[in-house]
Number of protein chains: 2
Amino acid sequence: MASRYDDVMSLSVRRGFLWPAVDLYGGFSGFYDYGHVGARLKRKWEDLWTAYFLGLGDNYHLIDTTTILPEASLKASGHVDHFTDILVTCTKCKESWRGDHLIEAVTHEEAEGLTPAEVDARIRDLKIRCPNCKGELGPARPFNMMFPLGVGPVGLDRAYLRPETAQGTYLNFKREFEALRRKLPMGLAIVGRAYRNEISPRQGAYRLREFLQAELQIFFDPATFGALLPVDSVRDEPVRVAMAGEKHTSDARDRTAADLIKGGVPAFYVYHMVLVQRFYLDRLRIPRQRFRFAELDERERAFYNKVHFDVQVSQDSLGGFKEVGGVHYRTDHDLGGHARASGKDLSVPVADRKVLPHVLELSFGVDRNVWALMDLGYELAGERSVLHLPPALAPVDVGVFPLLSKAGLPERAEALYRDLRPSFGAFYDETGSIGKRYARMDEIGTPFCVTVDHTTLEDGTVTLRERDSTGQVRVPGTSLASILRDLLDGRREFRTLGSAVTRA
Amino acid sequence: MASRYDDVMSLSVRRGFLWPAVDLYGGFSGFYDYGHVGARLKRKWEDLWTAYFLGLGDNYHLIDTTTILPEASLKASGHVDHFTDILVTCTKCKESWRGDHLIEAVTHEEAEGLTPAEVDARIRDLKIRCPNCKGELGPARPFNMMFPLGVGPVGLDRAYLRPETAQGTYLNFKREFEALRRKLPMGLAIVGRAYRNEISPRQGAYRLREFLQAELQIFFDPATFGALLPVDSVRDEPVRVAMAGEKHTSDARDRTAADLIKGGVPAFYVYHMVLVQRFYLDRLRIPRQRFRFAELDERERAFYNKVHFDVQVSQDSLGGFKEVGGVHYRTDHDLGGHARASGKDLSVPVADRKVLPHVLELSFGVDRNVWALMDLGYELAGERSVLHLPPALAPVDVGVFPLLSKAGLPERAEALYRDLRPSFGAFYDETGSIGKRYARMDEIGTPFCVTVDHTTLEDGTVTLRERDSTGQVRVPGTSLASILRDLLDGRREFRTLGSAVTRA
């Protein structure tokens, strides 16, 4: 498993996906940078996410808010007092550890949500010592995971880097409600950085101190939301779920939406589970058995959530199912907190009533999703090293090559490349053997390559090659752009091309 | 002037462009949030910038790096020691001021780059007192504008929020050089947040503490770069420039590229000035007389720049020419600093030599550019309130309306809206008079509106209206999408449609 992680990271560094930040100065634990290929993959994921989730409602919009927030706002949200992990420091080597992780390493059971006293007791009972130096561990204490900073010349205005993008939407709720002509449900999404001063970010690119979130907050009237949604249309759809009591012993069971509702999960919540699952299975093309929702019990849930299922993807590089997102029913916790602390009325008129909207949050870690796609997609079989990304997410859409670097082929291939470039992420390459050039494209997930050869000069056809099957077919250069567009958008399958394409 | 600022900001808040952050808690000086319309405008600007500037070279790429950087890296770049403003604090009311701004307010001449002792002397000579309470001002001292923070459970790892995106590219230069197959020139761009703890951010949305930068760093071999570029092709192109000695007395003079080179500005630098000017005049459609480069003299330049012209746009809301970007010849200052501090060799092989690349930085403040577009575009004339944004940047491409909310018109208009939505930023509206609906679209800069009426039901034509001229023309619904695409991409002018379109 460690070696699978190393394999993916090795590809990642070599080809420019992502790598530990600031290696020049010995690294910077919990921080990763994206190279030119990774930045494209990440941006494509963001665009796909945005199109899908904003498309869920007519009144759903992207906004963008500051990453620094003043203390008053995060006091009101509960983060100043409650956004803590349990910290345990070794009395001998001074290394710091997360209390729950120390316990989990021994018991192999989740230990999130324990109090400092409970962590101390468990450490005593289990005779846990410092994993680093075997020294005696000091007393457990809560540690706030936000990064504090001072704003202004004397640093008097205490502020924090936001621990989640969500607060930016809550703070802007009332203004957007006015600007958007006073309608519920209203969705406000942010794709942006969030920051958590993790105690010991030892899991490579998974537990980051600076990360990108994509979060949609749906503000709704709890009296009517369920009835507004076409819940009936999804009642028979099987959802991959592990309930709180099951998730450590089995991967997941299929349950229909109707069964989940019968089991007590709110209908509006289940409806959105179905939509999130469709995003993973249909858009990101995650294999069904690699996907699940995992319920969090009262101890594990964040302090602001009433119903909480993690969205998880099973990744060999990370040892199994790992969180890549979450569906959070936050009730009126946040708007209520901000209304009380600010003294402003955040309720809104709905028909003849005043309603303090409830919030359903669909939250995703972009870096974790990018990693999951690389983990699931990377195939290292003998000589062949291929990244099977969904075509819509590939950093480069199409490689364009002349078969040989002579006889007018480069000129013809470059002209083709220039034609494709305005509409596609195209990459031109004429160095090395054609096999090496295919291999380089396979490794960064390029779904299609086009080769210009002598026949091209005669009849205008080019060779189109598919990454996954390594199949090749000749297509007329003049219809290449429209064929590529159809293949990338999933309107056409490569294997149907052989017969569909007539020679020029 | 203040009132022009207020007019633009009033539109901005009312319609969801941008507004002071955290108003719920009394505001947060130097921080602004983007609403749903502003976020779209900003994203479109980013996309336009990225397409244009990455298109300047075959080996130019976007990367994405962390906003938190460890102290060692910013010590090496010079920011820990030199990224300072001069701070003066009132002994009576304790309000803090920028020394140069206090002096400029009296002398109306730039006072950037003075030492603390010089600021003290000027304050004494000019008898300047606290603008707030008329109290005596304390001694001037340097104030570092970076936000410091501690990383890790005991906060031992001292770090800063990055003051510019540029450092992220320098730290990743060597890795990208390898991943990109060892070619110069190589361009690395970042569009991302940067942070400066401004002493007194009193200029509204102009001087922000958290802001978005779009920066392209071009790494090149100083021995060959000028000769590689088609400098000759631009030698006669007039560039709007105010040299250091002129910029306070005149707006700008046209100088040809050849003249600037003769005057001592490096040819590679002048070539990029021409390309930057084209971006502003042709893509952003800034009126020529509103644009200029303003040279910075040795005192005014940042410590890392050898040649430095600001990119400026004249904005009535901000009282004249204001910086929206800059062209910076940073030499090998940054790579040299990181090589020395890290002990790593950052030079690269070029033919038979080893070269420490030089850097030309094209740097832009995204927020300032967005504001400039709103300032220049906003027309408030009598009843009519219009935002004349370039069509390619408009938050909404097209409004779709039924003339009346009855007789099948809404159904027909909604069907049209659904057809357009996958390819355009479309907005459907059926409330209020048709005039009110046009007015709402004019105000957020929507370049075109389409209205469905009774004739549509008969012959399939719709009314297409242009924002700037308020002209209307009937076009067949079936060709609407392709006409709109041509209009938005600038391939066709609205005024040519009248005769070009035949009735269905």
# chains A, B, ... in the order shown; residues from 1 in each chain; ligands from 1
$ residues_around --residues "segment 138-143 of chain A" --least-positions-apart "2" --cutoff "8 Å" --atoms "only C-alpha atoms" --output "number ranges by chain"
A: 84-91, 99, 116-117, 119-120, 136, 145; B: 153
$ write_last_selection --atoms "N, CA and C atoms" --output "mmCIF file, in the first residue's frame"
data_model
loop_
_atom_site.group_PDB
_atom_site.id
_atom_site.type_symbol
_atom_site.label_atom_id
_atom_site.label_comp_id
_atom_site.auth_asym_id
_atom_site.auth_seq_id
_atom_site.Cartn_x
_atom_site.Cartn_y
_atom_site.Cartn_z
ATOM 1 N N THR A 84 -11.554 22.144 17.353
ATOM 2 C CA THR A 84 -10.319 21.688 17.983
ATOM 3 C C THR A 84 -10.069 20.205 17.737
ATOM 4 N N ASP A 85 -8.794 19.843 17.756
ATOM 5 C CA ASP A 85 -8.381 18.457 17.850
ATOM 6 C C ASP A 85 -7.714 18.284 19.209
ATOM 7 N N ILE A 86 -7.551 17.014 19.624
ATOM 8 C CA ILE A 86 -6.880 16.765 20.907
ATOM 9 C C ILE A 86 -5.389 16.557 20.637
ATOM 10 N N LEU A 87 -4.596 17.387 21.287
ATOM 11 C CA LEU A 87 -3.150 17.389 21.082
ATOM 12 C C LEU A 87 -2.456 16.712 22.256
ATOM 13 N N VAL A 88 -1.512 15.827 21.930
ATOM 14 C CA VAL A 88 -0.702 15.169 22.965
ATOM 15 C C VAL A 88 0.762 15.382 22.595
ATOM 16 N N THR A 89 1.555 15.888 23.506
ATOM 17 C CA THR A 89 2.960 16.174 23.217
ATOM 18 C C THR A 89 3.862 15.251 24.039
ATOM 19 N N CYS A 90 4.890 14.733 23.426
ATOM 20 C CA CYS A 90 5.825 13.853 24.113
ATOM 21 C C CYS A 90 6.656 14.675 25.103
ATOM 22 N N THR A 91 6.779 14.191 26.316
ATOM 23 C CA THR A 91 7.530 14.948 27.332
ATOM 24 C C THR A 91 9.029 14.900 27.053
ATOM 25 N N GLY A 99 -4.314 12.959 19.577
ATOM 26 C CA GLY A 99 -4.692 11.924 20.538
ATOM 27 C C GLY A 99 -5.460 10.789 19.894
ATOM 28 N N PRO A 116 -10.373 15.338 26.221
ATOM 29 C CA PRO A 116 -8.983 15.198 26.678
ATOM 30 C C PRO A 116 -8.852 14.171 27.808
ATOM 31 N N ALA A 117 -9.768 14.196 28.766
ATOM 32 C CA ALA A 117 -9.691 13.243 29.888
ATOM 33 C C ALA A 117 -9.825 11.808 29.385
ATOM 34 N N VAL A 119 -9.038 10.754 26.375
ATOM 35 C CA VAL A 119 -7.809 10.409 25.654
ATOM 36 C C VAL A 119 -6.719 10.023 26.660
ATOM 37 N N ASP A 120 -6.559 10.826 27.727
ATOM 38 C CA ASP A 120 -5.570 10.500 28.765
ATOM 39 C C ASP A 120 -5.803 9.093 29.322
ATOM 40 N N GLU A 136 7.531 9.264 27.438
ATOM 41 C CA GLU A 136 6.219 9.369 28.078
ATOM 42 C C GLU A 136 5.447 10.530 27.459
ATOM 43 N N MET A 145 -7.551 24.428 15.515
ATOM 44 C CA MET A 145 -6.883 24.159 14.247
ATOM 45 C C MET A 145 -6.844 25.353 13.306
ATOM 46 N N PRO B 153 1.744 22.618 15.721
ATOM 47 C CA PRO B 153 1.031 22.690 17.000
ATOM 48 C C PRO B 153 1.638 23.667 17.986
#
$ select_by_dssp --residues "segment 409-480 of chain A" --states "helix (DSSP H, G or I)" --output "MDAnalysis selection string"
chainID A and resid 409:420 434:443 454:459 477:480
$ atom_distance --atom1 "atom CA of Thr455 of chain A" --atom2 "atom CA of Lys406 of chain A"
14.0 Å
$ closest_atom_pairs --of "segment 25-76 of chain B" --to "segment 373-390 of chain B" --cutoff "12 Å" --atoms "only C-alpha atoms" --output "JSON lines"
{"residue": "B:Gly38", "atom": "CA", "partner": "B:Met374", "partner_atom": "CA", "distance": 10.1}
{"residue": "B:Leu41", "atom": "CA", "partner": "B:Leu389", "partner_atom": "CA", "distance": 9.4}
{"residue": "B:Lys42", "atom": "CA", "partner": "B:Leu373", "partner_atom": "CA", "distance": 10.5}
{"residue": "B:Lys44", "atom": "CA", "partner": "B:Pro390", "partner_atom": "CA", "distance": 10.8}
{"residue": "B:Trp45", "atom": "CA", "partner": "B:Leu373", "partner_atom": "CA", "distance": 10.0}
{"residue": "B:Leu48", "atom": "CA", "partner": "B:Pro390", "partner_atom": "CA", "distance": 11.4}
$ write_last_selection --atoms "all heavy atoms" --output "short mmCIF file (atom, residue, chain, number, x, y, z; two decimals), in the first residue's frame"
data_model
loop_
_atom_site.label_atom_id
_atom_site.label_comp_id
_atom_site.auth_asym_id
_atom_site.auth_seq_id
_atom_site.Cartn_x
_atom_site.Cartn_y
_atom_site.Cartn_z
N GLY B 38 -20.33 39.62 -9.78
CA GLY B 38 -18.91 39.98 -9.76
C GLY B 38 -18.01 38.77 -9.90
O GLY B 38 -16.96 38.83 -10.56
N LEU B 41 -17.78 37.96 -13.56
CA LEU B 41 -16.95 38.94 -14.27
C LEU B 41 -15.47 38.66 -13.99
O LEU B 41 -14.63 38.64 -14.90
CB LEU B 41 -17.34 40.36 -13.82
CG LEU B 41 -16.45 41.52 -14.28
CD1 LEU B 41 -16.30 41.56 -15.79
CD2 LEU B 41 -17.02 42.85 -13.76
N LYS B 42 -15.15 38.42 -12.73
CA LYS B 42 -13.76 38.15 -12.34
C LYS B 42 -13.25 36.89 -13.01
O LYS B 42 -12.13 36.85 -13.55
CB LYS B 42 -13.69 38.02 -10.82
CG LYS B 42 -12.30 37.87 -10.28
CD LYS B 42 -12.20 38.38 -8.84
CE LYS B 42 -12.99 37.55 -7.85
NZ LYS B 42 -12.24 36.39 -7.38
N LYS B 44 -14.29 35.54 -15.77
CA LYS B 44 -14.12 35.76 -17.21
C LYS B 44 -12.86 36.56 -17.49
O LYS B 44 -12.16 36.29 -18.47
CB LYS B 44 -15.35 36.49 -17.78
CG LYS B 44 -16.55 35.57 -17.91
CD LYS B 44 -17.51 36.11 -18.94
CE LYS B 44 -18.49 35.05 -19.38
NZ LYS B 44 -19.37 35.54 -20.46
N TRP B 45 -12.55 37.50 -16.63
CA TRP B 45 -11.29 38.25 -16.80
C TRP B 45 -10.11 37.30 -16.67
O TRP B 45 -9.18 37.32 -17.48
CB TRP B 45 -11.20 39.38 -15.74
CG TRP B 45 -10.09 40.34 -16.05
CD1 TRP B 45 -10.20 41.52 -16.73
CD2 TRP B 45 -8.70 40.19 -15.72
NE1 TRP B 45 -8.96 42.11 -16.83
CE2 TRP B 45 -8.03 41.32 -16.23
CE3 TRP B 45 -7.96 39.22 -15.06
CZ2 TRP B 45 -6.64 41.51 -16.10
CZ3 TRP B 45 -6.58 39.38 -14.93
CH2 TRP B 45 -5.94 40.52 -15.44
N LEU B 48 -9.79 35.19 -19.81
CA LEU B 48 -9.28 35.98 -20.93
C LEU B 48 -7.79 36.22 -20.76
O LEU B 48 -7.00 36.07 -21.70
CB LEU B 48 -10.03 37.32 -20.98
CG LEU B 48 -9.89 38.15 -22.25
CD1 LEU B 48 -10.67 37.53 -23.39
CD2 LEU B 48 -10.40 39.58 -22.01
#
$ residues_around --residues "segment 54-70 of chain B" --least-positions-apart "5" --cutoff "8 Å" --atoms "only C-alpha atoms" --output "ChimeraX atom specification"
/A:21-22,28,31-40,210 /B:157-162,165,168-169,180,183,185-194
$ residues_around --residues "Ser250 of chain B" --least-positions-apart "3" --cutoff "12 Å" --atoms "only C-alpha atoms" --output "VMD selection string"
chain B and resid 240 to 247 253 to 254 289 292 294 320 to 321
$ residues_around --residues "Asp236 of chain A" --least-positions-apart "5" --cutoff "12 Å" --atoms "only C-alpha atoms" --output "list in words"
Val231, Asp254, Arg255, Thr256, Ala257, Ala258, Asp259, Leu260, Ile261, Val270, Tyr271 and Val274 of chain A
$ closest_residue --among "B:Met273, B:Leu24, B:Leu18, B:Leu284" --to "Glu361 of chain B" --atoms "only C-alpha atoms"
B:Met273
$ atom_distance --atom1 "atom CA of Ala267 of chain B" --atom2 "atom CA of Leu346 of chain B"
25.4 Å
$ atom_distance --atom1 "atom CA of Asn132 of chain B" --atom2 "atom CA of Thr115 of chain B"
23.5 Å
